[in-house]
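Report on the structure given below.
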Amino acid sequence: MPLSRFLTHWFRPMSTAAMPALRIYQRECIDTCLSDLAKGHRKQIVSLPVGSGKTVVMSNLIARIPNPTPAASKTLILAHRTELLDQAQTQIQRYNPTWRVVVDQGKRKPDIDDADVVVASVQTLGRKDSNRLDRYDPSQFKTIMIDEVHHAAASTYITVLNHFGTNSDIFVWGCSATVRRHDGIALDGIFDKIVYHMDMLQMIDKEWLCPIKVTTVQTSIDLSKVGTSYDDFQQAQLARAVNVDHRNKIVLESWKKFAQHDRACTLVFAVDMKHTLTLCNLFRSHGIPADYVTSKTPALTRFETLRRFRDGEIPVLVNCGILTEGTDVPRIDCILMARPTKSTVLFQQMFGRGVRLWPKKKDCLVIDFVDNFSKSGREGLVTFPTLMGLDHNELVRDENVMDMERRAVAQTNIEHVVTDKISQDIRIKITEYDDLNEFMIETSASPELHSLSPNSWVTVGEEKCALSIGTFGTLTLQAKDGVWNAKLTRESTRGGKKRFFRPQILPLTADTRSLAIRAADTWLNQNASRQQLHMARRTASFRNQPATAAQLSALKRYKVEPKQELTKGHAMDLISRLKLGQRKVWQKERQKLVEKQKKKARAVLTRTSV
């Protein structure tokens with residue numbers, strides 16, 4: 001059967017009689033988007049979790065978006081995977097049966113002039129050697145919509161958006177369960193505002209998504225030597241570590257113990273194609289009719305396998321990286337997390353495949369395989385307990401995720417004493433405060449920062465870090481409400497007087513410090529000269545020279561008295577930290593220590609030993 005005929009068969013429009021009513025939050029979302037559009041906000045993001053019906057929102061929003069000009073009536077929808085393209089075409093046609101909704105991808109070259117909505121592959125339109133964009137007249141389009149918008153800062157998307165003009169009257173709208181990218185680069189330059197947000201736990205609490213049960217299974221696999229690439233495990237090394245007989249048997253036996261008898265539809269996430277085939281064959285060797293899909297699976301085979309999985313003919317489906325986005329199989333009631341990750345985004349995308357509602361489906365069981373990963377750093381192995389703010393070593397058995405949330409909230413009252421890991425110690429005295437005495441401080445990068453960046457980043461407490469680069473300026477990263485942002489401050493000295501310039505806000509937003517540092521390093525590599533980049537390096541030779549008189553004088557103004565000889569690098573890092581408020585951090589740490597000692601002295605009945 002030809003591919004085009006196959007797609008027509010499986011993705012034909014549904015009758016209007018089958019259309020369900022919009023959910024309350026879907027109507028609220030659409031109304032909010034239109035209200036903000038009327039106020040002039042033409043670049044919007046909607047943040048809704050997996051399973052919430054983002055494509056349904058998109059399908060119903062299009063018809064209500066006003067045409068900015070009589071000629072501008074068309075809508076372009078951009079997506080990066082075949083499943084997303086076909087899903088969008090099906091839903092839009094379903095809710096708008098009189099429209100001509102076409103797909104522009106590869107060999108599918110529709111008549112753009114005759115279309116009402118074009119669902120296009122961003123790779124097809126945005127690649128450098130493509131002339132497909134020449135067929136699009138920007139004056140005919142009222143809206144550009146981007147599915148899974150966290151990909152929108154990629155160069156292919158930027159190419160398409162630039163073709164239509166970023167300052168035109170076109171309404172640019174994006175939706176995703178996560179609105180920040182893996183590499184930390186912000187979407188700020190593309191979108192102005194997140195106009196609507198509802199998270200997964202809210203949706204579960206309101207019964208728009210099904211309950212989640214969690215079971216954790218510990219393995220003996222050591223991931224400490226697996227390298228990092230793009231803030232996640234390096235895939236080839238990870239596959240070699242986890243695709244071993246005894247761990248694969250744990251995956252199978254855990255499914256047989258916890259899921260075989262009361263779960264009808266299981267989706268397994270593996271690391272790579274070899275791991276996928278190995279797990280699939282292991283299930284088959286035990287009489288379980290499992291199947292698999294990978295990026296190498298032919299299109300017709302993939303569609304047929306997914307159709308059989310949707311219809312319940314395949315009880316276990318193994319995949320690697322294919323079904324993390326755009327997969328609509330509501331009957332999934334069990335997820336096997338056999339693919340370890342350090343990415344909270346990827347982790348949520350994986351287990352999110354099982355949260356859609358389905359008749360007779362009471363909940364979705366997530367079996368989370370927890371390997372040994374003790375490497376230093378803030379972002380370690382992501383597990384369900386760590387995602388909920390609990391200890392990663394916790395063993396969980398068939399626990400409702402809402403109960404896990406309640407336990408995590410209860411633990412927020414427990415005092416956590418955070419101590420810095422020290423790589424090079426400098427003894428100093430804060431001359432203004434007698435009770436601070438002498439501190440052993442970290443002036444160069446901690447092991448965590450060493451592993452993240454070759455540059456001489458320093459920390460200022462838990463929510464700020466900085467990189468001083470001579471005349472180029474100082475990059476400062478700071479977290480506010482859990483989101484990291486960046487700015488560049490510059491100063492110059494002329495005629496003995498210092499001039500300070502207005503801080504430059506950088507196009508960077510990240511969920512974690514490591515992502516923020518990586519994004520800042522990316523920006524720096526694109527904007528600094530070779531000499532300036534050398535100055536930023538932790539290994540720059542000048543850093544080993546003795547501290548200058550000017551540096552020691554600056555430290556004295558901060559009432560800091562080094563008790564040993566400093567290098568230029570030590571002094572530069574210490575001055576950077578002090579400029580950004582490190583003294584206040586030391587004060588707070590000292591006060592916590594004093595209070596803890598007082599509390600311990602009062603606890604005379606506490607058993608200190610057995």
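Please note that chains go A, B, ... in the order of the structure tokens, that every chain numbers its residues from 1, and that ligands are numbered from 1 in the order shown.
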Using only C-alpha atoms, I'd like a table of the residues in segment 276-354 of chain A that come within 10 Å of segment 43-57 of chain A; for each, show the closest atom pair and its distance in Å rounded to one decimal, ordered by chain and ascending number, as CSV.
```
residue,atom,partner,partner_atom,distance
A:Thr324,CA,A:Val50,CA,9.9
A:Glu325,CA,A:Val50,CA,8.6
A:Gly326,CA,A:Val50,CA,8.9
A:Thr327,CA,A:Gly51,CA,9.3
A:Asp328,CA,A:Gly51,CA,7.9
A:Val329,CA,A:Gly51,CA,9.6
A:Pro330,CA,A:Gly51,CA,8.4
A:Gln348,CA,A:Val50,CA,8.5
A:Gln349,CA,A:Val50,CA,7.2
A:Met350,CA,A:Val50,CA,9.7
A:Phe351,CA,A:Val50,CA,9.3
A:Gly352,CA,A:Val50,CA,5.5
A:Arg353,CA,A:Val50,CA,7.1
A:Gly354,CA,A:Gly51,CA,8.3
```
Spatial neighbours of Arg284 of chain A, max dist 12 Å, only C-alpha atoms, sep filter under 6 positions, as an MDAnalysis selection string: chainID A and resid 252 277:278 290:292 314:318
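Omitting segment 78-83 of chain A and its sequence neighbours fewer than 3 positions away, and counting only C-alpha atoms, the residues within 8 Å are Asp86, Gln87, Val119, Ala120, Ser121, Val122, Gln123, Ile144, Met145, Ile146, Asp147, Glu148, Gly326 and Thr327 of chain A.
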Emit the selected residues as a PDB file, in the first residue's frame, including N, CA, C and O atoms.
```pdb
ATOM      1  N   ASP A  86       0.936  14.218  11.652  1.00  0.00           N
ATOM      2  CA  ASP A  86      -0.302  13.509  11.311  1.00  0.00           C
ATOM      3  C   ASP A  86      -1.359  13.659  12.400  1.00  0.00           C
ATOM      4  O   ASP A  86      -2.557  13.745  12.110  1.00  0.00           O
ATOM      5  N   GLN A  87      -0.911  13.705  13.649  1.00  0.00           N
ATOM      6  CA  GLN A  87      -1.862  13.918  14.745  1.00  0.00           C
ATOM      7  C   GLN A  87      -2.513  15.289  14.633  1.00  0.00           C
ATOM      8  O   GLN A  87      -3.730  15.430  14.808  1.00  0.00           O
ATOM      9  N   VAL A 119       0.233  21.884   7.804  1.00  0.00           N
ATOM     10  CA  VAL A 119       0.991  21.272   8.888  1.00  0.00           C
ATOM     11  C   VAL A 119       2.322  20.836   8.287  1.00  0.00           C
ATOM     12  O   VAL A 119       2.363  19.924   7.458  1.00  0.00           O
ATOM     13  N   ALA A 120       3.397  21.497   8.684  1.00  0.00           N
ATOM     14  CA  ALA A 120       4.669  21.322   7.988  1.00  0.00           C
ATOM     15  C   ALA A 120       5.766  20.777   8.890  1.00  0.00           C
ATOM     16  O   ALA A 120       5.843  21.105  10.078  1.00  0.00           O
ATOM     17  N   SER A 121       6.621  19.976   8.284  1.00  0.00           N
ATOM     18  CA  SER A 121       7.821  19.500   8.953  1.00  0.00           C
ATOM     19  C   SER A 121       8.839  20.637   8.996  1.00  0.00           C
ATOM     20  O   SER A 121       9.200  21.193   7.960  1.00  0.00           O
ATOM     21  N   VAL A 122       9.310  20.964  10.190  1.00  0.00           N
ATOM     22  CA  VAL A 122      10.266  22.069  10.308  1.00  0.00           C
ATOM     23  C   VAL A 122      11.592  21.714   9.653  1.00  0.00           C
ATOM     24  O   VAL A 122      12.290  22.590   9.133  1.00  0.00           O
ATOM     25  N   GLN A 123      11.931  20.419   9.615  1.00  0.00           N
ATOM     26  CA  GLN A 123      13.155  20.028   8.929  1.00  0.00           C
ATOM     27  C   GLN A 123      13.023  20.247   7.429  1.00  0.00           C
ATOM     28  O   GLN A 123      13.966  20.680   6.767  1.00  0.00           O
ATOM     29  N   ILE A 144       1.180  31.389  12.991  1.00  0.00           N
ATOM     30  CA  ILE A 144       2.147  30.288  12.979  1.00  0.00           C
ATOM     31  C   ILE A 144       2.048  29.616  14.338  1.00  0.00           C
ATOM     32  O   ILE A 144       2.185  30.269  15.379  1.00  0.00           O
ATOM     33  N   MET A 145       1.801  28.307  14.328  1.00  0.00           N
ATOM     34  CA  MET A 145       1.687  27.551  15.573  1.00  0.00           C
ATOM     35  C   MET A 145       2.800  26.513  15.632  1.00  0.00           C
ATOM     36  O   MET A 145       3.110  25.871  14.626  1.00  0.00           O
ATOM     37  N   ILE A 146       3.398  26.370  16.813  1.00  0.00           N
ATOM     38  CA  ILE A 146       4.520  25.452  16.987  1.00  0.00           C
ATOM     39  C   ILE A 146       4.164  24.418  18.042  1.00  0.00           C
ATOM     40  O   ILE A 146       3.926  24.753  19.204  1.00  0.00           O
ATOM     41  N   ASP A 147       4.112  23.160  17.609  1.00  0.00           N
ATOM     42  CA  ASP A 147       3.847  22.063  18.526  1.00  0.00           C
ATOM     43  C   ASP A 147       5.157  21.659  19.203  1.00  0.00           C
ATOM     44  O   ASP A 147       6.205  21.655  18.561  1.00  0.00           O
ATOM     45  N   GLU A 148       5.099  21.299  20.496  1.00  0.00           N
ATOM     46  CA  GLU A 148       6.298  21.003  21.281  1.00  0.00           C
ATOM     47  C   GLU A 148       7.282  22.166  21.176  1.00  0.00           C
ATOM     48  O   GLU A 148       8.401  22.051  20.675  1.00  0.00           O
ATOM     49  N   GLY A 326       4.208  13.317  21.179  1.00  0.00           N
ATOM     50  CA  GLY A 326       3.212  13.158  20.127  1.00  0.00           C
ATOM     51  C   GLY A 326       2.575  11.790  20.037  1.00  0.00           C
ATOM     52  O   GLY A 326       2.001  11.451  19.013  1.00  0.00           O
ATOM     53  N   THR A 327       2.672  10.983  21.082  1.00  0.00           N
ATOM     54  CA  THR A 327       2.116   9.634  21.065  1.00  0.00           C
ATOM     55  C   THR A 327       0.812   9.616  21.853  1.00  0.00           C
ATOM     56  O   THR A 327       0.794   9.941  23.035  1.00  0.00           O
TER      57      THR A 327
END
```
I'd like the contact shell of Gly581 of chain A - 9 Å cut-off, only C-alpha atoms, skipping same-chain residues fewer than 4 positions apart - returned as a list in words.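 Those residues are Val460, Gly461, Arg577 and Val585 of chain A.
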When DSSP works through the backbone of this structure, what residues of segment 107-287 of chain A end up as helix (DSSP H, G or I), shown as a PyMOL selection string? chain A and resi 122-126+132-135+138-140+149-151+155-164+200-205+235-242+245-258+273-285
Extract, using only C-alpha atoms, all DNA, RNA and protein residues at most 12 Å from Ala554 of chain A, discarding same-chain residues fewer than 3 positions from it, and format them as a tab-separated table (two decimals) with all heavy atoms, in the first residue's frame.
```tsv
chain	number	residue	atom	x	y	z
A	547	ALA	N	48.95	37.47	43.45
A	547	ALA	CA	47.92	38.51	43.46
A	547	ALA	C	48.58	39.88	43.43
A	547	ALA	O	49.64	40.09	44.03
A	547	ALA	CB	47.04	38.36	44.70
A	548	THR	N	47.94	40.83	42.74
A	548	THR	CA	48.51	42.17	42.62
A	548	THR	C	48.17	43.00	43.86
A	548	THR	O	47.26	42.67	44.64
A	548	THR	CB	47.95	42.87	41.39
A	548	THR	OG1	46.53	43.08	41.57
A	548	THR	CG2	48.18	42.05	40.13
A	549	ALA	N	48.90	44.11	44.01
A	549	ALA	CA	48.64	45.02	45.12
A	549	ALA	C	47.22	45.58	45.03
A	549	ALA	O	46.54	45.77	46.05
A	549	ALA	CB	49.66	46.16	45.10
A	550	ALA	N	46.76	45.85	43.80
A	550	ALA	CA	45.40	46.37	43.62
A	550	ALA	C	44.36	45.35	44.09
A	550	ALA	O	43.35	45.72	44.70
A	550	ALA	CB	45.17	46.73	42.15
A	551	GLN	N	44.58	44.07	43.82
A	551	GLN	CA	43.64	43.04	44.26
A	551	GLN	C	43.61	42.94	45.78
A	551	GLN	O	42.54	42.85	46.39
A	551	GLN	CB	44.02	41.69	43.64
A	551	GLN	CG	43.72	41.57	42.16
A	551	GLN	CD	44.15	40.23	41.61
A	551	GLN	OE1	45.21	39.70	41.94
A	551	GLN	NE2	43.32	39.66	40.73
A	557	ARG	N	39.33	46.51	51.30
A	557	ARG	CA	38.12	47.35	51.36
A	557	ARG	C	36.89	46.54	51.73
A	557	ARG	O	35.93	47.06	52.29
A	557	ARG	CB	37.92	48.06	50.01
A	557	ARG	CG	38.94	49.16	49.74
A	557	ARG	CD	38.47	50.06	48.60
A	557	ARG	NE	38.37	49.35	47.34
A	557	ARG	CZ	39.37	49.21	46.47
A	557	ARG	NH1	40.58	49.71	46.77
A	557	ARG	NH2	39.21	48.56	45.35
A	558	TYR	N	36.90	45.25	51.40
A	558	TYR	CA	35.79	44.37	51.79
A	558	TYR	C	36.01	43.79	53.19
A	558	TYR	O	35.26	42.91	53.62
A	558	TYR	CB	35.65	43.22	50.78
A	558	TYR	CG	34.97	43.61	49.49
A	558	TYR	CD1	35.70	43.76	48.31
A	558	TYR	CD2	33.60	43.85	49.45
A	558	TYR	CE1	35.09	44.11	47.13
A	558	TYR	CE2	32.98	44.20	48.27
A	558	TYR	CZ	33.72	44.34	47.11
A	558	TYR	OH	33.10	44.70	45.94
A	559	LYS	N	37.07	44.30	53.88
A	559	LYS	CA	37.38	43.84	55.23
A	559	LYS	C	37.72	42.36	55.25
A	559	LYS	O	37.36	41.62	56.19
A	559	LYS	CB	36.24	44.16	56.20
A	559	LYS	CG	35.88	45.64	56.26
A	559	LYS	CD	34.84	45.92	57.31
A	559	LYS	CE	34.40	47.38	57.30
A	559	LYS	NZ	35.52	48.32	57.52
A	560	VAL	N	38.41	41.90	54.20
A	560	VAL	CA	38.86	40.52	54.10
A	560	VAL	C	40.38	40.51	54.20
A	560	VAL	O	41.07	41.20	53.44
A	560	VAL	CB	38.42	39.89	52.77
A	560	VAL	CG1	39.09	38.53	52.58
A	560	VAL	CG2	36.90	39.73	52.74
A	561	GLU	N	40.90	39.72	55.12
A	561	GLU	CA	42.34	39.66	55.36
A	561	GLU	C	42.84	38.25	55.08
A	561	GLU	O	42.65	37.34	55.88
A	561	GLU	CB	42.64	40.04	56.81
A	561	GLU	CG	44.11	40.02	57.16
A	561	GLU	CD	44.33	40.32	58.63
A	561	GLU	OE1	43.48	41.02	59.20
A	561	GLU	OE2	45.32	39.84	59.19
A	562	PRO	N	43.46	38.02	53.91
A	562	PRO	CA	43.99	36.68	53.61
A	562	PRO	C	45.07	36.30	54.60
A	562	PRO	O	45.92	37.12	54.96
A	562	PRO	CB	44.56	36.84	52.20
A	562	PRO	CG	43.90	38.05	51.64
A	562	PRO	CD	43.66	38.96	52.79
A	571	ALA	N	42.45	35.58	43.98
A	571	ALA	CA	41.98	36.92	44.34
A	571	ALA	C	40.83	37.35	43.43
A	571	ALA	O	39.84	37.94	43.89
A	571	ALA	CB	43.14	37.91	44.24
A	572	MET	N	40.94	37.08	42.12
A	572	MET	CA	39.88	37.46	41.18
A	572	MET	C	38.57	36.78	41.55
A	572	MET	O	37.50	37.42	41.58
A	572	MET	CB	40.29	37.09	39.75
A	572	MET	CG	39.24	37.45	38.71
A	572	MET	SD	39.70	36.90	37.05
A	572	MET	CE	41.13	37.94	36.76
A	574	LEU	N	37.67	35.52	44.46
A	574	LEU	CA	37.19	36.00	45.75
A	574	LEU	C	36.55	37.38	45.63
A	574	LEU	O	35.49	37.63	46.21
A	574	LEU	CB	38.36	36.04	46.75
A	574	LEU	CG	38.05	36.36	48.21
A	574	LEU	CD1	36.91	35.49	48.73
A	574	LEU	CD2	39.30	36.18	49.06
A	575	ILE	N	37.17	38.27	44.85
A	575	ILE	CA	36.60	39.61	44.65
A	575	ILE	C	35.26	39.52	43.94
A	575	ILE	O	34.30	40.22	44.29
A	575	ILE	CB	37.59	40.49	43.87
A	575	ILE	CG1	38.81	40.81	44.75
A	575	ILE	CG2	36.92	41.78	43.42
A	575	ILE	CD1	39.95	41.45	43.99
A	576	SER	N	35.16	38.64	42.93
A	576	SER	CA	33.89	38.47	42.21
A	576	SER	C	32.79	38.04	43.17
A	576	SER	O	31.67	38.56	43.12
A	576	SER	CB	34.05	37.41	41.11
A	576	SER	OG	34.93	37.86	40.11
A	578	LEU	N	32.67	38.48	46.46
A	578	LEU	CA	32.37	39.54	47.43
A	578	LEU	C	31.53	40.64	46.80
A	578	LEU	O	30.62	41.19	47.43
A	578	LEU	CB	33.67	40.11	47.99
A	578	LEU	CG	34.44	39.17	48.94
A	578	LEU	CD1	35.86	39.67	49.15
A	578	LEU	CD2	33.71	39.03	50.27
A	579	LYS	N	31.81	40.98	45.55
A	579	LYS	CA	31.02	42.01	44.86
A	579	LYS	C	29.54	41.62	44.79
A	579	LYS	O	28.65	42.47	44.81
A	579	LYS	CB	31.54	42.22	43.44
A	579	LYS	CG	32.78	43.09	43.33
A	579	LYS	CD	33.13	43.29	41.87
A	579	LYS	CE	34.33	44.21	41.70
A	579	LYS	NZ	34.67	44.41	40.26
```
If you run DSSP on the backbone, which residues of segment 4-235 of chain A are strand (DSSP E), as a PyMOL selection string? chain A and resi 43-47+74-79+101-104+117-121+141-147+171-176+193-197+212-222+228-229+232-233
Best match for closeness to Asp222 of chain A among A:Ser176, A:Thr69, A:Thr266, A:Gln237, counting only C-alpha atoms: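 Smallest separation from Asp222 of chain A among the options: A:Gln237.
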Under the rule that only C-alpha atoms are counted, which of A:Leu336, A:Val214, A:Ala241, A:Val118 is the nearest residue to Arg397 of chain A?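 Ranking A:Leu336, A:Val214, A:Ala241, A:Val118 by distance to Arg397 of chain A, first place goes to A:Val214.
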Residue among A:Val396, A:Leu323, A:Leu85, A:Leu515 lying closest to Val102 of chain A, counting only C-alpha atoms: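 Counting only C-alpha atoms, the residue closest to Val102 of chain A is A:Leu85.
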At a cut-off of 9 Å, using only C-alpha atoms, what residues contact segment 139-142 of chain A? Leave out same-chain residues fewer than 2 positions from it and give the result as a PyMOL selection string. chain A and resi 65-76+113+136-137+144+164+169-172
For a test of reading the model, state the distance in Å between atom CA of Arg502 of chain A and atom CA of Leu488 of chain A, rounded to one decimal.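 Those two atoms sit 8.9 Å apart.
Coordinates place atom CA of Ala270 of chain A at a distance of 16.6 Å from atom CA of Arg302 of chain A.
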One decimal, in Å: what's the spacing between atom CA of Lys584 of chain A and atom CA of Leu552 of chain A?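 Atom-to-atom, atom CA of Lys584 of chain A to atom CA of Leu552 of chain A, that is 20.2 Å.
The residue that comes closest to Ile30 of chain A, out of A:Leu449, A:Tyr196, A:Asp511, A:Gly165 and on the basis of only C-alpha atoms, is A:Tyr196.
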My list of candidates is A:Cys29, A:Val251, A:Val370, A:Leu22. Which is closest to His392 of chain A when distances are computed with only C-alpha atoms?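 Of A:Cys29, A:Val251, A:Val370, A:Leu22, the one nearest His392 of chain A is A:Val370, counting only C-alpha atoms.
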